[in-house]
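Chemist: Got a structure here, written out as structure tokens. Questions coming.
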Amino acid sequence: MSFNLKSSHVRHERIHTGEKPFKCQYCDKSFGDSSACREHEWVHALEKPFKCHYCDKSFGVKSKYTLHERIHTGEKPFKCQYCGKSFSVRGKCALHERIHTGERQFKCQYCEQSFNQKGQCIQHERIHTGEKPFSCNFCEKSFNQKIHCIQHERIHTGEKPFRCNYCGKSFNQKIACIKHERIHS
């Protein structure tokens, strides 16, 4: 029998040797190749065996559980190589480092502007297209940013989720609460 790739040959040899180097992160089962292991792990994902030690949340995937617990512990193991700022998620650190490098890989298709985040570029391009994909559930208004729609809908619902730490007065926008709190200091 011949193989085009060395990895295919190694995988085939495991049939004969019985070697199973890929271990399920949820149970004691082992597998001869990584794809079979990943497929098996989906069975456990529905079980949510990873329980947070600090609250009642549970997770089916260990990596999501680890990220969640960092909210409680404050652990930030990823440091910016330029300024030393710490992050709980590797991707957030990489995104932050682009500020230092000036890397702006996302270019507006309508003008010369470029951005270091795809979401920023999409949001900017809506200025050119006039697209307003976020519609109010209570009236005919629509918005180019989801946060603006959420803030607008609070006018209809009366929701005021931001509370002054000093007097308890509530606000429908965080910035309004922050400005108000300054009168207390």
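Here's how to read the names in the structure tokens: chain A, B, ... by the order shown, residue numbers from 1 in each chain, ligand numbers from 1 in the order shown.
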Distance table requested - stretch 76-152 of chain A against stretch 172-176 of chain A, cut-off 12 Å, only C-alpha atoms: one row per qualifying residue with the closest atom pair and its distance in Å to one decimal, ordered by chain and rising residue number, as JSON lines.

Modeler:
{"residue": "A:Ile147", "atom": "CA", "partner": "A:Gln173", "partner_atom": "CA", "distance": 10.3}
{"residue": "A:His148", "atom": "CA", "partner": "A:Gln173", "partner_atom": "CA", "distance": 10.2}
{"residue": "A:Ile150", "atom": "CA", "partner": "A:Asn172", "partner_atom": "CA", "distance": 9.8}
{"residue": "A:Gln151", "atom": "CA", "partner": "A:Gln173", "partner_atom": "CA", "distance": 6.8}
{"residue": "A:His152", "atom": "CA", "partner": "A:Asn172", "partner_atom": "CA", "distance": 9.1}

Chemist: Would you mind exporting the chosen residues as a short mmCIF file (atom, residue, chain, number, x, y, z; two decimals), in the first residue's frame, restricted to N, CA and C atoms?

Modeler:
data_model
loop_
_atom_site.label_atom_id
_atom_site.label_comp_id
_atom_site.auth_asym_id
_atom_site.auth_seq_id
_atom_site.Cartn_x
_atom_site.Cartn_y
_atom_site.Cartn_z
N ILE A 147 -25.90 49.15 18.47
CA ILE A 147 -25.96 49.84 19.77
C ILE A 147 -26.89 51.04 19.71
N HIS A 148 -26.91 51.75 18.57
CA HIS A 148 -27.80 52.90 18.43
C HIS A 148 -29.26 52.47 18.44
N ILE A 150 -30.42 49.72 19.97
CA ILE A 150 -30.70 49.31 21.35
C ILE A 150 -30.98 50.53 22.22
N GLN A 151 -30.14 51.56 22.09
CA GLN A 151 -30.32 52.79 22.87
C GLN A 151 -31.65 53.45 22.53
N HIS A 152 -32.00 53.49 21.26
CA HIS A 152 -33.26 54.09 20.83
C HIS A 152 -34.46 53.32 21.40
#

Chemist: When you look at stretch 92-95 of chain A with a cut-off of 7 Å (counting only C-alpha atoms), what residues show up, excluding the ones that are within fewer than 5 positions of it in the same chain? I need them as JSON, numbers by chain.

Modeler: {"A": [78, 79, 80, 87]}

Chemist: Write down as a list in words the residues belonging to stretch 28-69 of chain A that are assigned strand (DSSP E) by DSSP computed on the backbone.

Modeler: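 Matching residues, listed in order: Ser30, Phe31, Phe50, Lys51, Ser58 and Phe59 of chain A.
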
Chemist: Now that the selection is made, can you save its residues with N, CA and C atoms as a short mmCIF file (atom, residue, chain, number, x, y, z; two decimals), in the first residue's frame?

Modeler:
data_model
loop_
_atom_site.label_atom_id
_atom_site.label_comp_id
_atom_site.auth_asym_id
_atom_site.auth_seq_id
_atom_site.Cartn_x
_atom_site.Cartn_y
_atom_site.Cartn_z
N SER A 30 -9.92 7.43 23.72
CA SER A 30 -8.80 7.86 22.87
C SER A 30 -9.07 7.46 21.43
N PHE A 31 -8.42 8.19 20.51
CA PHE A 31 -8.67 7.98 19.08
C PHE A 31 -7.36 8.00 18.30
N PHE A 50 -18.63 21.19 32.17
CA PHE A 50 -17.73 22.12 32.85
C PHE A 50 -18.54 23.17 33.60
N LYS A 51 -18.54 23.07 34.91
CA LYS A 51 -19.34 23.95 35.77
C LYS A 51 -18.45 25.03 36.37
N SER A 58 -22.70 26.65 33.08
CA SER A 58 -22.04 25.41 32.68
C SER A 58 -21.68 25.51 31.20
N PHE A 59 -20.64 24.76 30.81
CA PHE A 59 -20.15 24.82 29.44
C PHE A 59 -19.88 23.44 28.89
#

Chemist: For A:Thr17, which residue out of A:Gln81, A:Gly32, A:Glu112, A:Glu153 is the nearest one, using only C-alpha atoms?

Modeler: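 Of all the options, A:Gly32 lies closest to A:Thr17.
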
Chemist: I want to know what sits within 10 Å of A:Leu46, based on only C-alpha atoms, with residues of the same chain fewer than 2 positions away left out; could you give that as a PyMOL selection string?

Modeler: chain A and resi 41-44+48-49+59-61

Chemist: Mind the document's chain letters and residue numbers, and return as a PyMOL selection string the residues of stretch 8-183 of chain A that DSSP labels helix (DSSP H, G or I).

Modeler: chain A and resi 8-17+34-45+62-73+90-101+118-129+146-157+174-183

Chemist: As an exercise, work out the distance from atom CA of A:Pro133 to atom CA of A:Cys121 in Å and give it to one decimal place.

Modeler: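 These two atoms are separated by 15.2 Å.
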
Chemist: Neighbouring residues of A:Leu67 were defined as those with any atom within 10 Å, considering only C-alpha atoms; residues of the same chain fewer than 5 positions away were excluded. Please report them as a ChimeraX atom specification.

Modeler: /A:62,72,75-76,88-89

Chemist: Take atom CA of A:Cys149 and atom CA of A:Phe171 and report the distance between them in Å, one decimal.

Modeler: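 Atom CA of A:Cys149 sits 16.1 Å away from atom CA of A:Phe171.
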